[in-house]
file coords_22.txt (compact mmCIF, N, CA and C atoms)
# COMPACT_ATOMS: atom_id res chain seq x y z
N MET Y 1 -6.27 16.98 -26.00
CA MET Y 1 -4.87 16.70 -25.81
C MET Y 1 -4.54 15.27 -26.21
N LYS Y 2 -5.46 14.34 -25.88
CA LYS Y 2 -5.24 12.94 -26.22
C LYS Y 2 -5.17 12.77 -27.73
N LEU Y 3 -6.01 13.47 -28.45
CA LEU Y 3 -6.04 13.40 -29.91
C LEU Y 3 -4.71 13.90 -30.49
N ILE Y 4 -4.18 14.97 -29.94
CA ILE Y 4 -2.91 15.52 -30.41
C ILE Y 4 -1.77 14.53 -30.15
N LEU Y 5 -1.79 13.88 -29.00
CA LEU Y 5 -0.76 12.90 -28.69
C LEU Y 5 -0.82 11.69 -29.62
N ILE Y 6 -2.02 11.31 -30.02
CA ILE Y 6 -2.17 10.21 -30.97
C ILE Y 6 -1.55 10.59 -32.31
N TYR Y 7 -1.86 11.79 -32.79
CA TYR Y 7 -1.28 12.24 -34.06
C TYR Y 7 0.24 12.41 -33.95
N THR Y 8 0.71 12.83 -32.78
CA THR Y 8 2.15 12.96 -32.56
C THR Y 8 2.82 11.59 -32.62
N LEU Y 9 2.20 10.59 -32.03
CA LEU Y 9 2.74 9.24 -32.07
C LEU Y 9 2.77 8.71 -33.51
N ILE Y 10 1.70 8.94 -34.25
CA ILE Y 10 1.66 8.51 -35.65
C ILE Y 10 2.76 9.20 -36.45
N ALA Y 11 2.95 10.50 -36.20
CA ALA Y 11 4.02 11.24 -36.90
C ALA Y 11 5.39 10.68 -36.56
N GLY Y 12 5.59 10.31 -35.32
CA GLY Y 12 6.86 9.72 -34.92
C GLY Y 12 7.13 8.40 -35.62
N VAL Y 13 6.10 7.58 -35.74
CA VAL Y 13 6.25 6.29 -36.42
C VAL Y 13 6.53 6.51 -37.90
N ILE Y 14 5.75 7.39 -38.54
CA ILE Y 14 5.96 7.66 -39.97
C ILE Y 14 7.36 8.22 -40.19
N SER Y 15 7.77 9.14 -39.35
CA SER Y 15 9.09 9.75 -39.50
C SER Y 15 10.21 8.74 -39.27
N ALA Y 16 10.03 7.87 -38.29
CA ALA Y 16 11.07 6.87 -38.01
C ALA Y 16 11.21 5.88 -39.16
N ILE Y 17 10.10 5.55 -39.80
CA ILE Y 17 10.15 4.59 -40.91
C ILE Y 17 10.69 5.23 -42.18
N THR Y 18 10.28 6.47 -42.44
CA THR Y 18 10.62 7.10 -43.72
C THR Y 18 11.75 8.11 -43.64
N ALA Y 19 12.40 8.26 -42.50
CA ALA Y 19 13.44 9.28 -42.35
C ALA Y 19 14.57 9.16 -43.36
N PRO Y 20 15.04 7.96 -43.69
CA PRO Y 20 16.15 7.89 -44.65
C PRO Y 20 15.76 8.24 -46.08
N ILE Y 21 14.47 8.26 -46.38
CA ILE Y 21 14.00 8.52 -47.74
C ILE Y 21 13.78 10.02 -47.92
N PRO Y 22 14.44 10.66 -48.88
CA PRO Y 22 14.24 12.11 -49.07
C PRO Y 22 12.86 12.42 -49.64
N GLY Y 23 12.31 13.53 -49.22
CA GLY Y 23 11.04 14.02 -49.76
C GLY Y 23 9.80 13.37 -49.19
N THR Y 24 9.94 12.62 -48.11
CA THR Y 24 8.76 11.97 -47.54
C THR Y 24 8.00 12.87 -46.57
N SER Y 25 8.36 14.13 -46.53
CA SER Y 25 7.63 15.05 -45.66
C SER Y 25 6.20 15.27 -46.16
N LEU Y 26 5.92 14.88 -47.39
CA LEU Y 26 4.54 14.98 -47.89
C LEU Y 26 3.60 14.10 -47.06
N LEU Y 27 4.08 12.96 -46.61
CA LEU Y 27 3.25 12.10 -45.75
C LEU Y 27 2.92 12.81 -44.44
N LEU Y 28 3.92 13.45 -43.88
CA LEU Y 28 3.68 14.17 -42.62
C LEU Y 28 2.79 15.40 -42.84
N THR Y 29 2.94 16.05 -43.99
CA THR Y 29 2.07 17.20 -44.30
C THR Y 29 0.62 16.75 -44.40
N ALA Y 30 0.38 15.62 -45.04
CA ALA Y 30 -0.98 15.09 -45.14
C ALA Y 30 -1.53 14.77 -43.75
N LEU Y 31 -0.70 14.19 -42.90
CA LEU Y 31 -1.13 13.90 -41.54
C LEU Y 31 -1.46 15.18 -40.77
N GLU Y 32 -0.64 16.21 -40.96
CA GLU Y 32 -0.88 17.49 -40.27
C GLU Y 32 -2.19 18.13 -40.73
N ILE Y 33 -2.45 18.09 -42.03
CA ILE Y 33 -3.71 18.65 -42.55
C ILE Y 33 -4.89 17.87 -41.99
N TYR Y 34 -4.78 16.56 -41.99
CA TYR Y 34 -5.86 15.73 -41.46
C TYR Y 34 -6.10 16.03 -39.98
N MET Y 35 -5.01 16.24 -39.23
CA MET Y 35 -5.14 16.57 -37.81
C MET Y 35 -5.86 17.90 -37.62
N ILE Y 36 -5.52 18.89 -38.43
CA ILE Y 36 -6.18 20.20 -38.31
C ILE Y 36 -7.68 20.08 -38.61
N VAL Y 37 -8.02 19.35 -39.66
CA VAL Y 37 -9.43 19.16 -40.01
C VAL Y 37 -10.15 18.41 -38.89
N HIS Y 38 -9.50 17.39 -38.35
CA HIS Y 38 -10.10 16.62 -37.26
C HIS Y 38 -10.32 17.49 -36.01
N LEU Y 39 -9.33 18.30 -35.67
CA LEU Y 39 -9.48 19.19 -34.51
C LEU Y 39 -10.58 20.22 -34.74
N SER Y 40 -10.71 20.71 -35.96
CA SER Y 40 -11.77 21.67 -36.24
C SER Y 40 -13.15 21.03 -36.09
N LYS Y 41 -13.28 19.77 -36.49
CA LYS Y 41 -14.56 19.06 -36.33
C LYS Y 41 -14.87 18.80 -34.86
N VAL Y 42 -13.84 18.49 -34.08
CA VAL Y 42 -14.04 18.25 -32.65
C VAL Y 42 -14.58 19.51 -31.97
N HIS Y 43 -14.09 20.67 -32.40
CA HIS Y 43 -14.52 21.94 -31.81
C HIS Y 43 -15.69 22.56 -32.57
N GLU Y 44 -16.32 21.78 -33.45
CA GLU Y 44 -17.50 22.20 -34.21
C GLU Y 44 -17.23 23.46 -35.03
N TYR Y 45 -16.08 23.50 -35.65
CA TYR Y 45 -15.69 24.61 -36.50
C TYR Y 45 -15.55 24.05 -37.90
N LYS Y 46 -16.25 24.64 -38.84
CA LYS Y 46 -16.25 24.10 -40.20
C LYS Y 46 -15.20 24.82 -41.04
N LEU Y 47 -14.27 24.04 -41.60
CA LEU Y 47 -13.24 24.60 -42.47
C LEU Y 47 -13.67 24.41 -43.92
N GLY Y 48 -13.48 25.45 -44.73
CA GLY Y 48 -13.76 25.34 -46.15
C GLY Y 48 -12.53 24.87 -46.90
N PHE Y 49 -12.72 24.59 -48.18
CA PHE Y 49 -11.59 24.14 -49.00
C PHE Y 49 -10.51 25.21 -49.10
N LYS Y 50 -10.93 26.47 -49.07
CA LYS Y 50 -9.97 27.57 -49.17
C LYS Y 50 -9.01 27.57 -47.97
N GLU Y 51 -9.56 27.45 -46.76
CA GLU Y 51 -8.73 27.43 -45.57
C GLU Y 51 -7.83 26.19 -45.53
N ILE Y 52 -8.39 25.05 -45.96
CA ILE Y 52 -7.59 23.82 -45.98
C ILE Y 52 -6.45 23.95 -47.00
N GLY Y 53 -6.74 24.55 -48.14
CA GLY Y 53 -5.71 24.76 -49.16
C GLY Y 53 -4.60 25.67 -48.68
N TYR Y 54 -4.98 26.78 -48.04
CA TYR Y 54 -3.97 27.69 -47.50
C TYR Y 54 -3.12 26.99 -46.44
N SER Y 55 -3.78 26.21 -45.59
CA SER Y 55 -3.06 25.48 -44.55
C SER Y 55 -2.09 24.48 -45.16
N ALA Y 56 -2.53 23.79 -46.20
CA ALA Y 56 -1.68 22.78 -46.85
C ALA Y 56 -0.43 23.42 -47.44
N VAL Y 57 -0.60 24.54 -48.12
CA VAL Y 57 0.55 25.21 -48.73
C VAL Y 57 1.51 25.72 -47.66
N THR Y 58 0.97 26.32 -46.63
CA THR Y 58 1.82 26.84 -45.55
C THR Y 58 2.55 25.72 -44.82
N LEU Y 59 1.83 24.66 -44.50
CA LEU Y 59 2.46 23.55 -43.80
C LEU Y 59 3.52 22.87 -44.66
N TYR Y 60 3.24 22.73 -45.95
CA TYR Y 60 4.22 22.10 -46.81
C TYR Y 60 5.49 22.97 -46.88
N GLY Y 61 5.31 24.28 -46.96
CA GLY Y 61 6.47 25.17 -46.98
C GLY Y 61 7.28 25.07 -45.70
N LEU Y 62 6.60 25.09 -44.56
CA LEU Y 62 7.31 24.98 -43.28
C LEU Y 62 7.97 23.62 -43.11
N SER Y 63 7.23 22.57 -43.45
CA SER Y 63 7.80 21.24 -43.25
C SER Y 63 8.95 20.98 -44.21
N THR Y 64 8.86 21.53 -45.43
CA THR Y 64 9.98 21.38 -46.36
C THR Y 64 11.21 22.07 -45.82
N PHE Y 65 11.02 23.26 -45.31
CA PHE Y 65 12.15 23.99 -44.76
C PHE Y 65 12.75 23.27 -43.57
N LEU Y 66 11.90 22.91 -42.61
CA LEU Y 66 12.41 22.30 -41.38
C LEU Y 66 12.91 20.88 -41.58
N LYS Y 67 12.08 20.07 -42.24
CA LYS Y 67 12.40 18.64 -42.30
C LYS Y 67 13.30 18.27 -43.47
N ASP Y 68 13.16 18.93 -44.58
CA ASP Y 68 13.96 18.55 -45.75
C ASP Y 68 15.27 19.31 -45.82
N VAL Y 69 15.21 20.62 -45.82
CA VAL Y 69 16.41 21.43 -46.01
C VAL Y 69 17.33 21.38 -44.79
N ALA Y 70 16.78 21.75 -43.64
CA ALA Y 70 17.62 21.82 -42.44
C ALA Y 70 18.12 20.46 -42.00
N LEU Y 71 17.30 19.45 -42.11
CA LEU Y 71 17.70 18.14 -41.62
C LEU Y 71 18.48 17.32 -42.63
N GLU Y 72 18.44 17.70 -43.90
CA GLU Y 72 19.28 17.01 -44.88
C GLU Y 72 20.75 17.22 -44.54
N ILE Y 73 21.06 18.36 -43.97
CA ILE Y 73 22.43 18.62 -43.55
C ILE Y 73 22.83 17.64 -42.45
N LEU Y 74 21.90 17.36 -41.55
CA LEU Y 74 22.21 16.45 -40.44
C LEU Y 74 22.32 14.99 -40.88
N THR Y 75 21.81 14.66 -42.07
CA THR Y 75 21.92 13.27 -42.50
C THR Y 75 23.35 12.89 -42.85
N PHE Y 76 24.23 13.87 -42.96
CA PHE Y 76 25.64 13.55 -43.16
C PHE Y 76 26.23 12.90 -41.91
N PHE Y 77 25.57 13.12 -40.78
CA PHE Y 77 25.94 12.46 -39.54
C PHE Y 77 24.87 11.39 -39.29
N PRO Y 78 25.11 10.16 -39.71
CA PRO Y 78 24.06 9.14 -39.80
C PRO Y 78 23.15 8.99 -38.58
N VAL Y 79 23.69 8.75 -37.42
CA VAL Y 79 22.84 8.48 -36.25
C VAL Y 79 22.19 9.76 -35.75
N ILE Y 80 22.94 10.82 -35.64
CA ILE Y 80 22.41 12.09 -35.15
C ILE Y 80 21.34 12.63 -36.09
N GLY Y 81 21.59 12.56 -37.38
CA GLY Y 81 20.62 13.06 -38.36
C GLY Y 81 19.32 12.29 -38.33
N TYR Y 82 19.39 10.97 -38.23
CA TYR Y 82 18.20 10.14 -38.19
C TYR Y 82 17.35 10.46 -36.96
N ILE Y 83 18.00 10.52 -35.81
CA ILE Y 83 17.28 10.79 -34.56
C ILE Y 83 16.70 12.20 -34.57
N SER Y 84 17.46 13.17 -35.08
CA SER Y 84 16.96 14.54 -35.08
C SER Y 84 15.78 14.71 -36.03
N GLU Y 85 15.75 14.00 -37.14
CA GLU Y 85 14.61 14.08 -38.05
C GLU Y 85 13.34 13.61 -37.36
N VAL Y 86 13.43 12.53 -36.63
CA VAL Y 86 12.27 12.00 -35.92
C VAL Y 86 11.83 12.98 -34.83
N ILE Y 87 12.78 13.53 -34.09
CA ILE Y 87 12.44 14.46 -33.01
C ILE Y 87 11.79 15.73 -33.55
N VAL Y 88 12.34 16.28 -34.63
CA VAL Y 88 11.76 17.50 -35.21
C VAL Y 88 10.36 17.23 -35.73
N ALA Y 89 10.14 16.09 -36.37
CA ALA Y 89 8.80 15.76 -36.87
C ALA Y 89 7.80 15.64 -35.73
N ILE Y 90 8.20 14.98 -34.66
CA ILE Y 90 7.31 14.81 -33.51
C ILE Y 90 6.97 16.16 -32.88
N LEU Y 91 7.99 16.99 -32.66
CA LEU Y 91 7.76 18.30 -32.04
C LEU Y 91 6.92 19.20 -32.93
N PHE Y 92 7.16 19.16 -34.24
CA PHE Y 92 6.40 19.99 -35.17
C PHE Y 92 4.92 19.63 -35.13
N VAL Y 93 4.61 18.33 -35.18
CA VAL Y 93 3.21 17.90 -35.15
C VAL Y 93 2.58 18.22 -33.80
N PHE Y 94 3.31 18.03 -32.72
CA PHE Y 94 2.76 18.31 -31.40
C PHE Y 94 2.42 19.79 -31.23
N PHE Y 95 3.37 20.66 -31.57
CA PHE Y 95 3.11 22.09 -31.38
C PHE Y 95 2.08 22.62 -32.38
N LEU Y 96 2.04 22.07 -33.57
CA LEU Y 96 1.00 22.44 -34.52
C LEU Y 96 -0.37 22.04 -33.99
N GLY Y 97 -0.45 20.84 -33.43
CA GLY Y 97 -1.71 20.39 -32.85
C GLY Y 97 -2.15 21.25 -31.68
N MET Y 98 -1.20 21.62 -30.83
CA MET Y 98 -1.53 22.48 -29.70
C MET Y 98 -2.03 23.85 -30.16
N LEU Y 99 -1.36 24.41 -31.17
CA LEU Y 99 -1.79 25.71 -31.70
C LEU Y 99 -3.16 25.62 -32.36
N ALA Y 100 -3.40 24.57 -33.12
CA ALA Y 100 -4.70 24.41 -33.76
C ALA Y 100 -5.79 24.21 -32.72
N ASP Y 101 -5.51 23.43 -31.68
CA ASP Y 101 -6.47 23.21 -30.62
C ASP Y 101 -6.79 24.52 -29.89
N LEU Y 102 -5.76 25.30 -29.62
CA LEU Y 102 -5.96 26.60 -28.98
C LEU Y 102 -6.78 27.53 -29.88
N TYR Y 103 -6.49 27.52 -31.16
CA TYR Y 103 -7.20 28.38 -32.11
C TYR Y 103 -8.68 28.02 -32.18
N PHE Y 104 -8.98 26.75 -32.33
CA PHE Y 104 -10.37 26.34 -32.50
C PHE Y 104 -11.17 26.33 -31.21
N SER Y 105 -10.50 26.32 -30.06
CA SER Y 105 -11.22 26.26 -28.80
C SER Y 105 -11.55 27.64 -28.22
N LYS Y 106 -11.10 28.70 -28.88
CA LYS Y 106 -11.40 30.03 -28.36
C LYS Y 106 -12.90 30.31 -28.45
N PRO Y 107 -13.49 30.83 -27.38
CA PRO Y 107 -14.93 31.11 -27.40
C PRO Y 107 -15.31 32.16 -28.45
N THR Y 108 -14.42 33.10 -28.75
CA THR Y 108 -14.77 34.13 -29.73
C THR Y 108 -14.93 33.52 -31.12
N ARG Y 109 -14.22 32.46 -31.43
CA ARG Y 109 -14.36 31.79 -32.72
C ARG Y 109 -15.76 31.20 -32.85
N ARG Y 110 -16.24 30.60 -31.77
CA ARG Y 110 -17.57 30.01 -31.81
C ARG Y 110 -18.64 31.08 -31.94
N LYS Y 111 -18.45 32.20 -31.23
CA LYS Y 111 -19.42 33.29 -31.34
C LYS Y 111 -19.46 33.85 -32.75
N ASN Y 112 -18.29 34.08 -33.35
CA ASN Y 112 -18.24 34.60 -34.72
C ASN Y 112 -18.86 33.62 -35.70
N LYS Y 113 -18.62 32.34 -35.51
CA LYS Y 113 -19.19 31.33 -36.40
C LYS Y 113 -20.71 31.33 -36.26
N GLN Y 114 -21.20 31.43 -35.02
CA GLN Y 114 -22.64 31.45 -34.79
C GLN Y 114 -23.27 32.70 -35.39
N LEU Y 115 -22.60 33.85 -35.27
CA LEU Y 115 -23.11 35.08 -35.86
C LEU Y 115 -23.18 34.99 -37.37
N GLU Y 116 -22.16 34.38 -37.98
CA GLU Y 116 -22.17 34.22 -39.43
C GLU Y 116 -23.32 33.33 -39.89
N GLU Y 117 -23.56 32.26 -39.14
CA GLU Y 117 -24.65 31.36 -39.51
C GLU Y 117 -26.00 32.03 -39.31
N ASP Y 118 -26.13 32.85 -38.26
CA ASP Y 118 -27.39 33.53 -37.99
C ASP Y 118 -27.67 34.63 -39.02
N SER Y 119 -26.61 35.25 -39.57
CA SER Y 119 -26.81 36.35 -40.50
C SER Y 119 -27.08 35.88 -41.92
N LYS Y 120 -26.89 34.60 -42.20
CA LYS Y 120 -27.19 34.09 -43.53
C LYS Y 120 -28.69 34.03 -43.73
N PRO Y 121 -29.14 34.39 -44.94
CA PRO Y 121 -30.58 34.30 -45.18
C PRO Y 121 -31.02 32.83 -45.24
N PRO Y 122 -32.22 32.56 -44.78
CA PRO Y 122 -32.68 31.18 -44.79
C PRO Y 122 -32.89 30.68 -46.22
N LEU Y 123 -32.60 29.41 -46.39
CA LEU Y 123 -32.79 28.80 -47.70
C LEU Y 123 -34.27 28.50 -47.93
N PRO Y 124 -34.76 28.75 -49.12
CA PRO Y 124 -36.20 28.49 -49.37
C PRO Y 124 -36.49 27.02 -49.47
call {"tool": "encode", "arguments": {"input": "coords_22.txt", "output": "structure tokens"}}
result
Amino acid sequence: MKLILIYTLIAGVISAITAPIPGTSLLLTALEIYMIVHLSKVHEYKLGFKEIGYSAVTLYGLSTFLKDVALEILTFFPVIGYISEVIVAILFVFFLGMLADLYFSKPTRRKNKQLEEDSKPPLP
């Protein structure tokens, strides 16, 4: 939980600094991907490039929709739009972190990972 709050704080700072600049959701997407990889390592779950790539595309699509399209409308209202962009970025990173933590902490994931490693033939 502490790790997720740290990433949420970083997202809030990045969003507060870059909110007036259009298209800066790529910075937040990179932070979200890094957070997912970090959480997977904490729970001893190894992510491959394929899973990271799928996550990156999905997160970029969601963040573009939420942060760029929906919130660009709110930027017509200067103070409300700025504050709402920061709040949405913080909430998005927080809930994404909570979901990733829940996903990687499930005992069945560890059992399946262990079974996959045990079923691989030994390297000569």
call {"tool": "atom_distance", "arguments": {"input": "coords_22.txt", "atom1": "atom CA of Ile36 of chain Y", "atom2": "atom CA of Ile6 of chain Y"}}
result
13.0 Å
call {"tool": "residues_around", "arguments": {"input": "coords_22.txt", "residues": "Val86 of chain Y", "least_positions_apart": "5", "cutoff": "8 Å", "atoms": "only N, CA and C atoms", "output": "list in words"}}
result
Ala11, Gly12, Val13, Ile14, Ser15, Ala16, Ile17, Ala19, Ile80, Gly81, Leu91 and Phe92 of chain Y
call {"tool": "atom_distance", "arguments": {"input": "coords_22.txt", "atom1": "atom CA of Ala56 of chain Y", "atom2": "atom CA of Val37 of chain Y"}}
result
11.0 Å
call {"tool": "atom_distance", "arguments": {"input": "coords_22.txt", "atom1": "atom CA of Phe94 of chain Y", "atom2": "atom CA of Glu32 of chain Y"}}
result
9.6 Å
call {"tool": "closest_residue", "arguments": {"input": "coords_22.txt", "among": "Y:Val57, Y:Leu39, Y:Ile52, Y:Leu62", "to": "Ser105 of chain Y", "atoms": "all atoms listed in the file"}}
result
Y:Leu39
call {"tool": "residues_near_point", "arguments": {"input": "coords_22.txt", "point": "(-0.3, 19.1, -32.2)", "cutoff": "8 Å", "atoms": "all atoms listed in the file", "output": "ChimeraX atom specification"}}
result
/Y:3-5,7-8,35,90-101
call {"tool": "closest_residue", "arguments": {"input": "coords_22.txt", "among": "Y:Leu59, Y:Glu44, Y:Lys50, Y:Pro20", "to": "Tyr82 of chain Y", "atoms": "only N, CA and C atoms"}}
result
Y:Pro20
call {"tool": "closest_residue", "arguments": {"input": "coords_22.txt", "among": "Y:Glu51, Y:Ser63, Y:Glu85, Y:Pro78", "to": "Leu26 of chain Y", "atoms": "all atoms listed in the file"}}
result
Y:Ser63
